[in-house]
>>> print(open('protein-v2.csv').read())   # CSV, C-alpha atoms
chain,number,residue,atom,x,y,z
A,671,GLY,CA,-19.2,-2.3,-51.0
A,672,ALA,CA,-16.3,-4.8,-51.1
A,673,VAL,CA,-18.2,-7.7,-52.7
A,674,VAL,CA,-16.4,-10.8,-53.9
A,675,SER,CA,-18.4,-13.2,-56.1
A,676,GLN,CA,-17.3,-16.7,-56.5
A,677,HIS,CA,-18.7,-19.0,-59.2
A,678,PRO,CA,-19.9,-21.7,-59.3
A,679,SER,CA,-21.1,-22.2,-55.8
A,680,TRP,CA,-21.0,-25.9,-56.3
A,681,VAL,CA,-19.8,-28.3,-59.0
A,682,ILE,CA,-19.7,-32.0,-59.5
A,683,CYS,CA,-17.2,-33.4,-62.0
A,684,LYS,CA,-15.9,-36.7,-63.2
A,685,SER,CA,-12.5,-38.0,-62.1
A,686,GLY,CA,-9.8,-36.9,-64.6
A,687,THR,CA,-11.6,-33.8,-65.8
A,688,SER,CA,-10.6,-30.2,-65.0
A,689,VAL,CA,-12.7,-27.6,-63.2
A,690,LYS,CA,-12.4,-23.9,-63.3
A,691,ILE,CA,-13.5,-21.7,-60.4
A,692,GLU,CA,-13.9,-17.9,-60.8
A,693,CYS,CA,-13.4,-15.2,-58.2
A,694,ARG,CA,-14.5,-11.7,-59.1
A,695,SER,CA,-14.2,-8.5,-57.1
A,696,LEU,CA,-17.4,-6.6,-58.1
A,697,ASP,CA,-16.9,-3.1,-56.7
A,698,PHE,CA,-13.2,-2.7,-56.2
A,699,GLN,CA,-9.9,-3.6,-57.9
A,700,ALA,CA,-8.2,-6.5,-56.3
A,701,THR,CA,-4.4,-6.2,-56.3
A,702,THR,CA,-4.1,-9.4,-54.3
A,703,MET,CA,-6.2,-12.5,-54.3
A,704,PHE,CA,-5.9,-15.6,-52.0
A,705,TRP,CA,-7.2,-19.1,-52.6
A,706,TYR,CA,-8.0,-21.3,-49.7
A,707,ARG,CA,-9.1,-24.9,-49.3
A,708,GLN,CA,-11.3,-25.7,-46.4
A,709,PHE,CA,-11.2,-29.2,-44.9
A,710,PRO,CA,-13.7,-31.0,-42.8
A,711,LYS,CA,-13.9,-29.6,-39.2
A,712,GLN,CA,-13.4,-26.1,-40.7
A,713,SER,CA,-9.6,-25.9,-41.0
A,714,LEU,CA,-8.8,-23.3,-43.6
A,715,MET,CA,-5.6,-23.8,-45.6
A,716,LEU,CA,-4.0,-21.1,-47.7
A,717,MET,CA,-3.1,-22.5,-51.0
A,718,ALA,CA,-1.7,-19.6,-52.9
A,719,THR,CA,-1.4,-15.8,-53.0
A,720,SER,CA,-1.7,-14.1,-56.4
A,721,ASN,CA,-0.9,-10.5,-57.2
A,722,GLU,CA,-2.3,-9.1,-60.4
A,723,GLY,CA,0.0,-9.6,-63.3
A,724,SER,CA,2.4,-11.8,-61.5
A,725,LYS,CA,2.7,-15.6,-61.0
A,726,ALA,CA,1.0,-16.9,-58.0
A,727,THR,CA,3.0,-17.8,-54.9
A,728,TYR,CA,2.1,-21.3,-53.7
A,729,GLU,CA,2.3,-22.5,-50.2
A,730,GLN,CA,4.5,-25.5,-49.4
A,731,GLY,CA,2.9,-28.8,-50.3
A,732,VAL,CA,0.4,-27.3,-52.9
A,733,GLU,CA,1.0,-28.6,-56.4
A,734,LYS,CA,1.1,-25.7,-58.7
A,735,ASP,CA,0.7,-27.9,-61.8
A,736,LYS,CA,-2.5,-29.3,-60.4
A,737,PHE,CA,-4.0,-26.1,-59.0
A,738,LEU,CA,-3.5,-23.5,-61.7
A,739,ILE,CA,-4.1,-19.9,-60.6
A,740,ASN,CA,-4.5,-17.0,-63.0
A,741,HIS,CA,-4.9,-13.4,-62.0
A,742,ALA,CA,-4.8,-11.6,-65.3
A,743,SER,CA,-7.0,-8.6,-64.3
A,744,LEU,CA,-7.7,-6.5,-61.3
A,745,THR,CA,-11.1,-8.0,-60.9
A,746,LEU,CA,-10.8,-11.6,-61.8
A,747,SER,CA,-8.8,-14.6,-60.6
A,748,THR,CA,-9.4,-18.2,-61.5
A,749,LEU,CA,-8.4,-21.5,-60.0
A,750,THR,CA,-8.4,-24.5,-62.2
A,751,VAL,CA,-8.2,-27.9,-60.7
A,752,THR,CA,-6.6,-30.1,-63.3
A,753,SER,CA,-7.2,-33.8,-63.7
A,754,ALA,CA,-9.4,-33.8,-60.6
A,755,HIS,CA,-9.6,-36.8,-58.3
A,756,PRO,CA,-11.9,-37.7,-55.5
A,757,GLU,CA,-9.3,-36.5,-52.9
A,758,ASP,CA,-9.6,-33.0,-54.4
A,759,SER,CA,-13.2,-32.8,-53.3
A,760,SER,CA,-13.4,-29.9,-50.9
A,761,PHE,CA,-14.7,-26.4,-50.3
A,762,TYR,CA,-12.6,-23.8,-52.1
A,763,ILE,CA,-12.7,-20.2,-51.0
A,764,CYS,CA,-11.2,-17.1,-52.6
A,765,SER,CA,-10.6,-13.7,-51.1
A,766,ALA,CA,-9.5,-10.4,-52.5
A,767,ARG,CA,-7.7,-7.4,-51.2
A,768,GLN,CA,-7.5,-4.0,-52.7
A,769,GLN,CA,-4.0,-3.2,-51.6
A,770,ARG,CA,-0.8,-5.2,-51.3
A,771,THR,CA,-0.5,-4.4,-47.6
A,772,ASN,CA,-1.8,-5.8,-44.3
A,773,THR,CA,-5.4,-4.7,-44.9
A,774,GLU,CA,-8.4,-6.9,-44.6
A,775,ALA,CA,-9.5,-9.2,-47.4
A,776,PHE,CA,-13.0,-9.9,-48.5
A,777,PHE,CA,-14.2,-13.4,-49.2
A,778,GLY,CA,-16.3,-15.1,-51.8
A,779,GLN,CA,-19.0,-17.5,-50.8
A,780,GLY,CA,-17.0,-20.5,-51.6
A,781,THR,CA,-17.3,-23.4,-54.1
A,782,ARG,CA,-18.1,-27.0,-53.1
A,783,LEU,CA,-16.2,-29.3,-55.5
A,784,THR,CA,-17.2,-32.9,-55.6
A,785,VAL,CA,-15.2,-35.3,-57.8
A,786,VAL,CA,-16.9,-38.6,-58.6
B,544,GLY,CA,7.1,-18.2,-40.2
B,545,ASN,CA,3.9,-16.4,-39.2
B,546,SER,CA,1.2,-18.6,-37.6
B,547,VAL,CA,-2.0,-18.3,-35.6
B,548,THR,CA,-3.2,-20.6,-32.8
B,549,GLN,CA,-6.7,-20.5,-31.6
B,550,MET,CA,-8.9,-22.4,-29.2
B,551,GLU,CA,-10.3,-25.2,-31.2
B,552,GLY,CA,-13.6,-25.9,-29.4
B,553,PRO,CA,-16.3,-26.7,-30.1
B,554,VAL,CA,-17.7,-24.2,-27.7
B,555,THR,CA,-21.3,-24.5,-26.5
B,556,LEU,CA,-23.0,-21.7,-24.5
B,557,SER,CA,-26.4,-20.7,-23.4
B,558,GLU,CA,-27.9,-17.5,-24.6
B,559,GLU,CA,-26.6,-14.4,-22.8
B,560,ALA,CA,-23.5,-16.2,-21.6
B,561,PHE,CA,-20.1,-14.6,-21.8
B,562,LEU,CA,-17.8,-15.7,-24.6
B,563,THR,CA,-14.1,-15.8,-24.9
B,564,ILE,CA,-12.2,-17.4,-27.8
B,565,ASN,CA,-8.4,-17.4,-27.3
B,566,CYS,CA,-6.1,-16.5,-30.1
B,567,THR,CA,-2.3,-16.2,-30.1
B,568,TYR,CA,0.0,-15.5,-33.0
B,569,THR,CA,3.7,-15.7,-34.0
B,570,ALA,CA,5.0,-13.2,-36.4
B,571,THR,CA,8.0,-11.3,-37.6
B,572,GLY,CA,7.3,-7.7,-37.8
B,573,TYR,CA,4.0,-6.2,-37.0
B,574,PRO,CA,1.0,-8.0,-38.5
B,575,SER,CA,-2.5,-6.8,-38.7
B,576,LEU,CA,-4.9,-9.1,-36.8
B,577,PHE,CA,-8.5,-10.1,-37.7
B,578,TRP,CA,-11.5,-12.1,-36.6
B,579,TYR,CA,-13.7,-13.5,-39.3
B,580,VAL,CA,-17.0,-15.3,-38.9
B,581,GLN,CA,-18.3,-18.1,-41.2
B,582,TYR,CA,-22.0,-19.0,-41.2
B,583,PRO,CA,-22.9,-22.5,-42.5
B,584,GLY,CA,-22.3,-22.9,-46.3
B,585,GLU,CA,-20.9,-19.5,-46.7
B,586,GLY,CA,-17.6,-17.7,-47.1
B,587,LEU,CA,-15.9,-15.7,-44.3
B,588,GLN,CA,-17.1,-12.3,-43.2
B,589,LEU,CA,-14.8,-9.8,-41.5
B,590,LEU,CA,-16.0,-9.3,-37.9
B,591,LEU,CA,-13.3,-7.0,-36.6
B,592,LYS,CA,-9.7,-6.0,-37.0
B,593,ALA,CA,-6.8,-4.3,-35.3
B,594,THR,CA,-3.7,-3.0,-37.1
B,595,LYS,CA,-1.3,-2.1,-34.3
B,596,ALA,CA,-0.5,-2.8,-30.7
B,597,ASP,CA,-3.2,-1.8,-28.1
B,598,ASP,CA,-5.8,-1.3,-30.8
B,599,LYS,CA,-9.2,-2.6,-29.9
B,600,GLY,CA,-11.4,-3.9,-32.7
B,601,SER,CA,-15.2,-4.0,-32.1
B,602,ASN,CA,-18.3,-4.9,-34.0
B,603,LYS,CA,-21.8,-6.3,-33.1
B,604,GLY,CA,-20.9,-6.5,-29.4
B,605,PHE,CA,-17.7,-8.5,-30.1
B,606,GLU,CA,-14.3,-7.1,-29.0
B,607,ALA,CA,-10.7,-8.0,-29.3
B,608,THR,CA,-7.5,-6.1,-28.3
B,609,TYR,CA,-4.1,-6.4,-30.0
B,610,ARG,CA,-1.7,-7.4,-27.2
B,611,LYS,CA,1.8,-7.3,-28.4
B,612,GLU,CA,3.3,-8.3,-25.1
B,613,THR,CA,1.3,-11.5,-25.0
B,614,THR,CA,1.0,-11.9,-28.8
B,615,SER,CA,-2.7,-12.4,-28.3
B,616,PHE,CA,-6.0,-11.2,-29.9
B,617,HIS,CA,-8.7,-12.9,-27.8
B,618,LEU,CA,-12.3,-12.5,-29.0
B,619,GLU,CA,-14.9,-11.6,-26.3
B,620,LYS,CA,-18.6,-10.9,-26.2
B,621,GLY,CA,-20.5,-10.1,-23.0
B,622,SER,CA,-23.8,-11.7,-24.0
B,623,VAL,CA,-24.1,-14.1,-26.9
B,624,GLN,CA,-27.2,-14.8,-28.9
B,625,VAL,CA,-28.4,-17.8,-30.8
B,626,SER,CA,-27.7,-15.9,-34.0
B,627,ASP,CA,-24.0,-15.8,-33.1
B,628,SER,CA,-23.7,-19.5,-33.7
B,629,ALA,CA,-21.0,-19.9,-36.4
B,630,VAL,CA,-17.3,-20.7,-36.9
B,631,TYR,CA,-14.9,-18.0,-35.8
B,632,PHE,CA,-11.5,-17.6,-37.4
B,633,CYS,CA,-8.6,-15.6,-36.0
B,634,GLY,CA,-6.2,-14.4,-38.7
B,635,GLN,CA,-3.2,-12.3,-39.3
B,636,SER,CA,-1.7,-10.6,-42.3
B,637,GLY,CA,2.0,-10.0,-42.5
B,638,GLY,CA,5.3,-11.5,-43.6
B,639,SER,CA,6.3,-11.9,-47.2
B,640,ASN,CA,3.5,-11.1,-49.7
B,641,TYR,CA,1.3,-9.9,-46.7
B,642,LYS,CA,-0.2,-13.4,-46.6
B,643,LEU,CA,-3.5,-13.8,-44.8
B,644,THR,CA,-3.4,-16.9,-42.7
B,645,PHE,CA,-5.8,-18.3,-40.1
B,646,GLY,CA,-6.1,-20.4,-37.1
B,647,LYS,CA,-8.1,-23.6,-37.3
B,648,GLY,CA,-11.4,-22.0,-36.5
B,649,THR,CA,-13.7,-22.4,-33.5
B,650,LEU,CA,-17.2,-23.6,-33.8
B,651,LEU,CA,-19.6,-21.8,-31.5
B,652,THR,CA,-23.1,-23.0,-30.8
B,653,VAL,CA,-25.4,-20.9,-28.7
B,654,ASN,CA,-28.5,-22.6,-27.3
B,655,PRO,CA,-31.7,-20.8,-26.4
>>> encode(input="protein-v2.csv", output="structure tokens")
Amino acid sequence: GAVVSQHPSWVICKSGTSVKIECRSLDFQATTMFWYRQFPKQSLMLMATSNEGSKATYEQGVEKDKFLINHASLTLSTLTVTSAHPEDSSFYICSARQQRTNTEAFFGQGTRLTVV
Amino acid sequence: GNSVTQMEGPVTLSEEAFLTINCTYTATGYPSLFWYVQYPGEGLQLLLKATKADDKGSNKGFEATYRKETTSFHLEKGSVQVSDSAVYFCGQSGGSNYKLTFGKGTLLTVNP
């Protein structure tokens, strides 16, 4: 149980275009989802926390107009990178949690975004 | 705010060696603590967790004890295997919105 599916696993896009990444909880309802960006040498940065039906809470320094997060249902959250640039190239990972408490979260397999 | 500091590594060990990866945290309130493992090209998998002081999490030979007095959650394994080679993340969940945040990760390489 507790499977989180992230799609696509990799994507290449042209500079200036937008890219949408999906994160689905397959066998549970995800009250809370997290989006992370992983930098080289493995550092994992929390970008935003989204609770179903509410606006996402972004971490300091993360541009909410550039990284649009939608969590409209209990099984799906999306991250849209708008007007992507090469510096947005990174590994993006989502995770989902069933309850809005300090329980563990389950992670998707990540999306490698390359902007050319 | 809440934060996690872990030994950055990289750590290189021979098979059957003893492993310790240090992790300390700062938090308001009483966070839950986690260790996650990431294999190459994959997302994170939960390795073990502890939700209150003095709890010991354990899985696959790995252990960590929630020490409130030292605000630590060090990961240990008595005898590592080549298959344990991965990046290990110490994390905590707490604070506003029950955010789940991590240390910078520790790359472990185990040689035969």
>>> atom_distance(input="protein-v2.csv", atom1="CA of Val547 in chain B", atom2="CA of Glu733 in chain A")
23.4 Å
>>> atom_distance(input="protein-v2.csv", atom1="CA of Thr652 in chain B", atom2="CA of Thr555 in chain B")
4.9 Å
>>> closest_atom_pairs(input="protein-v2.csv", of="chain A", to="chain B", cutoff="6 Å", atoms="all atoms listed in the file", output="JSON lines")
{"residue": "A:Ser713", "atom": "CA", "partner": "B:Lys647", "partner_atom": "CA", "distance": 4.6}
{"residue": "A:Thr771", "atom": "CA", "partner": "B:Tyr641", "partner_atom": "CA", "distance": 5.9}
{"residue": "A:Asn772", "atom": "CA", "partner": "B:Ser636", "partner_atom": "CA", "distance": 5.2}
{"residue": "A:Phe777", "atom": "CA", "partner": "B:Leu587", "partner_atom": "CA", "distance": 5.7}
{"residue": "A:Gly778", "atom": "CA", "partner": "B:Gly586", "partner_atom": "CA", "distance": 5.5}
{"residue": "A:Gln779", "atom": "CA", "partner": "B:Gly586", "partner_atom": "CA", "distance": 4.0}
{"residue": "A:Gly780", "atom": "CA", "partner": "B:Gly586", "partner_atom": "CA", "distance": 5.3}
>>> closest_atom_pairs(input="protein-v2.csv", of="range 712-772 of chain A", to="range 674-696 of chain A", cutoff="10 Å", atoms="all atoms listed in the file", output="Markdown table")
| residue | atom | partner | partner_atom | distance |
| --- | --- | --- | --- | --- |
| A:Lys736 | CA | A:Ser688 | CA | 9.4 |
| A:Phe737 | CA | A:Lys690 | CA | 9.7 |
| A:Leu738 | CA | A:Lys690 | CA | 9.1 |
| A:Ile739 | CA | A:Ile691 | CA | 9.6 |
| A:Asn740 | CA | A:Glu692 | CA | 9.7 |
| A:His741 | CA | A:Cys693 | CA | 9.5 |
| A:Ser743 | CA | A:Arg694 | CA | 9.6 |
| A:Leu744 | CA | A:Ser695 | CA | 8.0 |
| A:Thr745 | CA | A:Ser695 | CA | 4.9 |
| A:Leu746 | CA | A:Arg694 | CA | 4.6 |
| A:Ser747 | CA | A:Cys693 | CA | 5.2 |
| A:Thr748 | CA | A:Glu692 | CA | 4.6 |
| A:Leu749 | CA | A:Ile691 | CA | 5.1 |
| A:Thr750 | CA | A:Lys690 | CA | 4.2 |
| A:Val751 | CA | A:Val689 | CA | 5.2 |
| A:Thr752 | CA | A:Ser688 | CA | 4.3 |
| A:Ser753 | CA | A:Gly686 | CA | 4.1 |
| A:Ala754 | CA | A:Gly686 | CA | 5.1 |
| A:His755 | CA | A:Ser685 | CA | 4.9 |
| A:Pro756 | CA | A:Ser685 | CA | 6.6 |
| A:Glu757 | CA | A:Ser685 | CA | 9.9 |
| A:Asp758 | CA | A:Ser685 | CA | 9.6 |
| A:Ser759 | CA | A:Ile682 | CA | 9.0 |
| A:Phe761 | CA | A:Trp680 | CA | 8.7 |
| A:Tyr762 | CA | A:Ile691 | CA | 8.6 |
| A:Ile763 | CA | A:Gln676 | CA | 8.0 |
| A:Cys764 | CA | A:Cys693 | CA | 6.3 |
| A:Ser765 | CA | A:Val674 | CA | 7.1 |
| A:Ala766 | CA | A:Ser695 | CA | 6.8 |
| A:Arg767 | CA | A:Ser695 | CA | 8.8 |
| A:Gln768 | CA | A:Ser695 | CA | 9.2 |
>>> residues_around(input="protein-v2.csv", residues="range 620-627 of chain B", least_positions_apart="3", cutoff="8 Å", atoms="all atoms listed in the file", output="JSON, numbers by chain")
{"B": [557, 558, 559, 560, 561, 562, 563, 604, 605, 606, 651, 652, 653, 654, 655]}
